[in-house]
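Okay, structure first, notes after.
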Amino acid sequence: MKLISRPLRPCDWTILPQCPSRPFSRPASFARHPSPSAHKWSHPPSSTTIADDEVANLASQPLHALSLADLVKHGRPPLCTEALFSSANFTLSLLPIRLAHRIQALRNLPFIVVSNPNISKIYNNYLHSLSTLLPYNTKTITTLEDEIRFTAVLADLVETHSHTIPTLARGFLECRKYINPIEVTRFLDEHLRARIGTRLIAEQHIALHISSQPHQDPKSTPHPVDVDNSSYIGVIDTALQPAAIINSCGNFVSEICELKYGVRPTWIIDGEPATTFAFVPVHLEYIITELLKNAFRATVESGRSHEPVVITIAAEPESAADIEKALPRAEPTDNPPIKPFEESAPGVTIRIRDRGGGISPEVLPNIWSYSFTTFSEDDLPGQAPGSGSMDALNAISGAGGEGSSIAGLGYGLPLGRAYAEYFGGGIAVQSLYGWGCDVYLRLKGLGRPKG
């Protein structure tokens with residue numbers, strides 16, 4: 001504290017960029033982006049050179065509202081060459097704009113926040129990814145060579161951003177003095193929702209590329225991908241059975257619970273367990289895992305581990321108008337569109353009911369905040385006992401926290417809700433304090449396409 005009260009010395013590095021009278025060679029990144037307004041230069045230096053005007057131009061364009069129909073409209077793999085090019089160009093039309101929007105949002109954070117090494121790393125990752133896409137932004141992909149190179153760029157993008165969530169959380173944790181929790185929640189909510197779409201768009205084309213034949217060299221691929229009997233279109237399972245996902249996640253979470261508490265909770269699936277619909281399996285797996293962690297933990301800690309968690313699956317009815325809206329647009333003749341739908345289940349609602357005592361009125365308003373968790377200090381990943389500061393930012397940034405603890409990680413509910421809401425679903429919590437909780441997960445899909 002004594003250092004803060006002293007007057008700054010003239011040679012203090014923190015004031016050198018603001019002293020026009022002192023001879024000083026400004027960083028190259030500042031020289032490249034001269035601007036009279038603060039928001040145009042108040043972003044960290046980067047080795048990637050992209051003109052501010054180029055980022056601003058892309059960021060000014062509206063975001064396409066992604067739907068599951070967009071992702072399956074190119075048809076069932078293996079795709080013909082024209083459909084593969086169509087998928088690549090559709091992906092290319094979306095990603096640069098999405099990346100530019102995230103770069104602009106990061107630049108709009110307070111300078112002291114975006115200068116944090118972790119947040120600056122994310123910022124530079126987005127600049128890097130945008131710079132790899134820009135060479136393709138002025139042309140149409142019309143050759144297999146271009147499509148293969150473009151897919152390699154997408155693979156690099158997915159890998160580059162694979163640790164965005166914990167890195168961002170670590171940065172906000174270190175900057176918590178300079179930005180309020182409400183602003184953190186707003187930024188993370190927007191950023192993570194945008195990340196869901198960006199990653200899904202890239203992974204969808206990569207999956208279509210791998211499962212399609214035109215680009216494959218028979219010599220280098222002695223065992224081509226068998227897609228003839230697959231229900232997958234890219235990363236989307238068109239015959240996804242929620243009951244199978246629930247059982248898989250239940251086994252995983254119950255094992256964690258047994259390791260921590262010595263008790264293995266049980267569950268019952270009722271309603272319509274045979275329901276299938278089109279959805280992204282990894283999204284549903286994440287949501288169900290987080291919801292079961294909360295339900296199992298509450299059930300065991302309330303001393304009612306002998307009572308099973310009851311999970312009800314209900315398929316929503318579909319009107320003829322909804323079927324018409326869900327149908328993909330026309331496709332090339334040798335790649336027929338995936339219609340009509342049979343045994344459609346455009347919406348599925350899953351209720352998870354536990355006898356874990358419910359959520360107290362003091363806690364209930366905070367469950368959607370990234371600045372809140374039910375961790376105790378001893379449970380918090382990477383948190384020394386007695387050090388305080390217990391919240392979801394610690395949980396997200398803690399190494400190994402996602403797969404090793406039964407405790408609610410704080411970000412499980414808000415991030416799970418982001419996954420559910422992305423395609424028009426949602427999560428609602430009904431708490432009967434002193435008794436238990438009902439969690440309603442509603443998901444919108446496309447139904448099951450015919451053969």
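In the structure tokens, the first chain shown is A, the next is B, and so on; residue numbers restart at 1 for each chain, and ligands run from 1 in the order shown.
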
Hey, could you make a per-residue contact list for segment 62-150 of chain A against segment 191-197 of chain A with 8 Å as the cut-off, showing the nearest pair of atoms and its distance in Å to one decimal, counting only C-alpha atoms, sorted by chain and number, as a Markdown table?
| residue | atom | partner | partner_atom | distance |
| --- | --- | --- | --- | --- |
| A:Leu66 | CA | A:Gly197 | CA | 7.1 |
| A:Arg98 | CA | A:Ala194 | CA | 7.5 |
| A:Arg102 | CA | A:His191 | CA | 7.1 |

Margin query: Could you go through segment 65-312 of chain A and tell me which residues DSSP, when run on the backbone, assigns to alpha helix (DSSP H), listing them as a PyMOL selection string?
Written below: chain A and resi 68-72+81-107+111-114+117-133+144-160+164-174+181-211+242-261+281-301

Check: So which one's closest to Glu316 of chain A, A:Asn294, A:Asp354, A:Pro78, A:Gly445? Using only C-alpha atoms, please.
Finding: A:Gly445

For the contact check between segment 53-132 of chain A and segment 421-428 of chain A, emit one row per residue of segment 53-132 of chain A within 10 Å, containing the shortest atom pair and the distance in Å rounded to one decimal, counting only C-alpha atoms, chain then rising number order, as JSON lines.
{"residue": "A:Ala65", "atom": "CA", "partner": "A:Phe423", "partner_atom": "CA", "distance": 9.4}
{"residue": "A:Leu66", "atom": "CA", "partner": "A:Phe423", "partner_atom": "CA", "distance": 7.9}
{"residue": "A:Ser67", "atom": "CA", "partner": "A:Phe423", "partner_atom": "CA", "distance": 6.3}
{"residue": "A:Leu68", "atom": "CA", "partner": "A:Phe423", "partner_atom": "CA", "distance": 7.2}

Next item on the list: Name all residues at most 6 Å from Thr312 of chain A (count only C-alpha atoms; drop same-chain ones fewer than 5 positions away) and give them as a ChimeraX atom specification.
Entry: /A:269-271,350-351

Notebook entry, point to check: So which one's closest to Val72 of chain A, A:Pro265, A:Ile201, A:Thr299, A:Val439? Using only C-alpha atoms, please.
Noted result: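 Of A:Pro265, A:Ile201, A:Thr299, A:Val439, the one nearest Val72 of chain A, counting only C-alpha atoms, is A:Ile201.
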
Check: From the set A:Thr275, A:Ile206, A:Phe296, A:Asp237, which residue has the shortest atom-to-atom contact distance to Cys249 of chain A, counting only C-alpha atoms?
Finding: A:Phe296

Check: If you count only C-alpha atoms, which residues fall within 10 Å of Ile119 of chain A, apart from same-chain ones fewer than 4 positions away, as an MDAnalysis selection string?
Finding: chainID A and resid 44 106 113:115 123:125 164 167:172 174:175

Notebook entry, point to check: How far is it from atom CA of Pro308 of chain A to atom CA of Ile268 of chain A, in Å with one decimal?
Noted result: 6.4 Å

Next item on the list: Find the residues around Val310 of chain A up to 6 Å (only C-alpha atoms counted), leave out those fewer than 6 positions away in its own chain, and share them as a PyMOL selection string.
Entry: chain A and resi 267-268+352-353

How about saving the chosen residues, N, CA, C and O atoms kept, as a PDB file, in the first residue's frame?
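Dumped everything to part-v1.pdb:
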ATOM      1  N   TRP A 267     -31.126 -43.874 -10.522  1.00  0.00           N
ATOM      2  CA  TRP A 267     -32.084 -43.044 -11.249  1.00  0.00           C
ATOM      3  C   TRP A 267     -33.059 -43.932 -12.003  1.00  0.00           C
ATOM      4  O   TRP A 267     -32.763 -45.094 -12.313  1.00  0.00           O
ATOM      5  N   ILE A 268     -34.223 -43.382 -12.275  1.00  0.00           N
ATOM      6  CA  ILE A 268     -35.270 -44.068 -13.030  1.00  0.00           C
ATOM      7  C   ILE A 268     -35.655 -43.183 -14.205  1.00  0.00           C
ATOM      8  O   ILE A 268     -35.840 -41.968 -14.044  1.00  0.00           O
ATOM      9  N   ILE A 352     -35.943 -33.585 -14.459  1.00  0.00           N
ATOM     10  CA  ILE A 352     -35.090 -34.289 -13.490  1.00  0.00           C
ATOM     11  C   ILE A 352     -35.585 -33.923 -12.094  1.00  0.00           C
ATOM     12  O   ILE A 352     -35.481 -32.764 -11.678  1.00  0.00           O
ATOM     13  N   ARG A 353     -36.129 -34.907 -11.388  1.00  0.00           N
ATOM     14  CA  ARG A 353     -36.741 -34.664 -10.073  1.00  0.00           C
ATOM     15  C   ARG A 353     -35.922 -35.356  -8.984  1.00  0.00           C
ATOM     16  O   ARG A 353     -35.671 -36.558  -9.057  1.00  0.00           O
TER      17      ARG A 353
END

Next item on the list: Compare A:Ala314, A:Ala202, A:Ile50, A:Ala105 by their minimum atom-to-atom distance to Glu190 of chain A, counting only C-alpha atoms, and give me the closest one.
Entry: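 Of all the options, A:Ala105 lies closest to Glu190 of chain A.
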
Item checked: Separation of atom CA of Ile179 of chain A from atom CA of Ile112 of chain A, in Å and rounded to one decimal ->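 These atoms are spaced 9.5 Å apart.
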
Note to self: Give me, as a list in words, all polymer residues having an atom no more than 10 Å from Gly434 of chain A, counting only C-alpha atoms and skipping those fewer than 2 positions away in the same chain.
What the structure shows: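 Non-adjacent residues within range: Ser302, Arg355, Gly356, Gly357, Gly358, Ile359, Ser360, Ser431, Leu432, Gly436 and Cys437 of chain A.
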
Next item on the list: Within 7 Å of segment 84-93 of chain A, counting only C-alpha atoms, which residues show up once you throw out same-chain ones fewer than 4 positions away? Write them as JSON, numbers by chain, please.
Entry: {"A": [74, 79, 80, 137, 140, 141, 142, 147, 201, 202, 205]}

Notebook entry, point to check: Between atom CA of Asp156 of chain A and atom CA of Ile288 of chain A, what is the spacing in Å?
Noted result: 28.6 Å

If you run DSSP on the backbone here, which positions in segment 241-293 of chain A get strand (DSSP E)? Please write them as a short mmCIF file (atom, residue, chain, number, x, y, z; two decimals) with all heavy atoms, in the first residue's frame.
data_model
loop_
_atom_site.label_atom_id
_atom_site.label_comp_id
_atom_site.auth_asym_id
_atom_site.auth_seq_id
_atom_site.Cartn_x
_atom_site.Cartn_y
_atom_site.Cartn_z
N TRP A 267 -31.13 -43.87 -10.52
CA TRP A 267 -32.08 -43.04 -11.25
C TRP A 267 -33.06 -43.93 -12.00
O TRP A 267 -32.76 -45.09 -12.31
CB TRP A 267 -31.37 -42.08 -12.20
CG TRP A 267 -30.61 -42.74 -13.31
CD1 TRP A 267 -31.03 -42.99 -14.58
CD2 TRP A 267 -29.27 -43.27 -13.24
NE1 TRP A 267 -30.06 -43.62 -15.31
CE2 TRP A 267 -28.97 -43.80 -14.51
CE3 TRP A 267 -28.31 -43.32 -12.23
CZ2 TRP A 267 -27.74 -44.38 -14.79
CZ3 TRP A 267 -27.09 -43.91 -12.51
CH2 TRP A 267 -26.81 -44.43 -13.77
N ILE A 268 -34.22 -43.38 -12.28
CA ILE A 268 -35.27 -44.07 -13.03
C ILE A 268 -35.65 -43.18 -14.20
O ILE A 268 -35.84 -41.97 -14.04
CB ILE A 268 -36.52 -44.33 -12.15
CG1 ILE A 268 -36.18 -45.28 -11.00
CG2 ILE A 268 -37.66 -44.90 -12.99
CD1 ILE A 268 -37.32 -45.41 -9.99
N ILE A 269 -35.78 -43.77 -15.39
CA ILE A 269 -36.24 -43.04 -16.57
C ILE A 269 -37.66 -43.48 -16.89
O ILE A 269 -37.92 -44.68 -17.07
CB ILE A 269 -35.33 -43.28 -17.79
CG1 ILE A 269 -33.90 -42.80 -17.50
CG2 ILE A 269 -35.88 -42.57 -19.02
CD1 ILE A 269 -32.92 -43.06 -18.62
N ASP A 270 -38.58 -42.53 -16.91
CA ASP A 270 -39.96 -42.87 -17.29
C ASP A 270 -40.44 -41.90 -18.36
O ASP A 270 -39.66 -41.16 -18.93
CB ASP A 270 -40.88 -42.89 -16.07
CG ASP A 270 -41.00 -41.53 -15.37
OD1 ASP A 270 -40.56 -40.52 -15.97
OD2 ASP A 270 -41.53 -41.48 -14.25
N GLY A 271 -41.73 -41.94 -18.64
CA GLY A 271 -42.27 -41.12 -19.72
C GLY A 271 -42.18 -41.85 -21.04
O GLY A 271 -42.72 -42.94 -21.20
N PHE A 277 -34.78 -37.70 -31.56
CA PHE A 277 -34.87 -36.44 -32.29
C PHE A 277 -33.48 -36.05 -32.76
O PHE A 277 -32.48 -36.68 -32.41
CB PHE A 277 -35.54 -35.35 -31.45
CG PHE A 277 -34.67 -34.76 -30.36
CD1 PHE A 277 -34.57 -33.38 -30.20
CD2 PHE A 277 -33.97 -35.57 -29.46
CE1 PHE A 277 -33.78 -32.83 -29.20
CE2 PHE A 277 -33.19 -35.02 -28.45
CZ PHE A 277 -33.10 -33.65 -28.33
N ALA A 278 -33.40 -35.03 -33.60
CA ALA A 278 -32.11 -34.58 -34.14
C ALA A 278 -31.53 -33.50 -33.24
O ALA A 278 -32.17 -32.47 -33.00
CB ALA A 278 -32.29 -34.04 -35.56
N PHE A 279 -30.32 -33.74 -32.75
CA PHE A 279 -29.67 -32.76 -31.89
C PHE A 279 -28.17 -33.04 -31.89
O PHE A 279 -27.70 -34.01 -32.48
CB PHE A 279 -30.24 -32.85 -30.47
CG PHE A 279 -30.05 -31.59 -29.65
CD1 PHE A 279 -30.74 -30.43 -29.97
CD2 PHE A 279 -29.19 -31.56 -28.56
CE1 PHE A 279 -30.57 -29.27 -29.24
CE2 PHE A 279 -29.01 -30.42 -27.82
CZ PHE A 279 -29.70 -29.26 -28.16
#
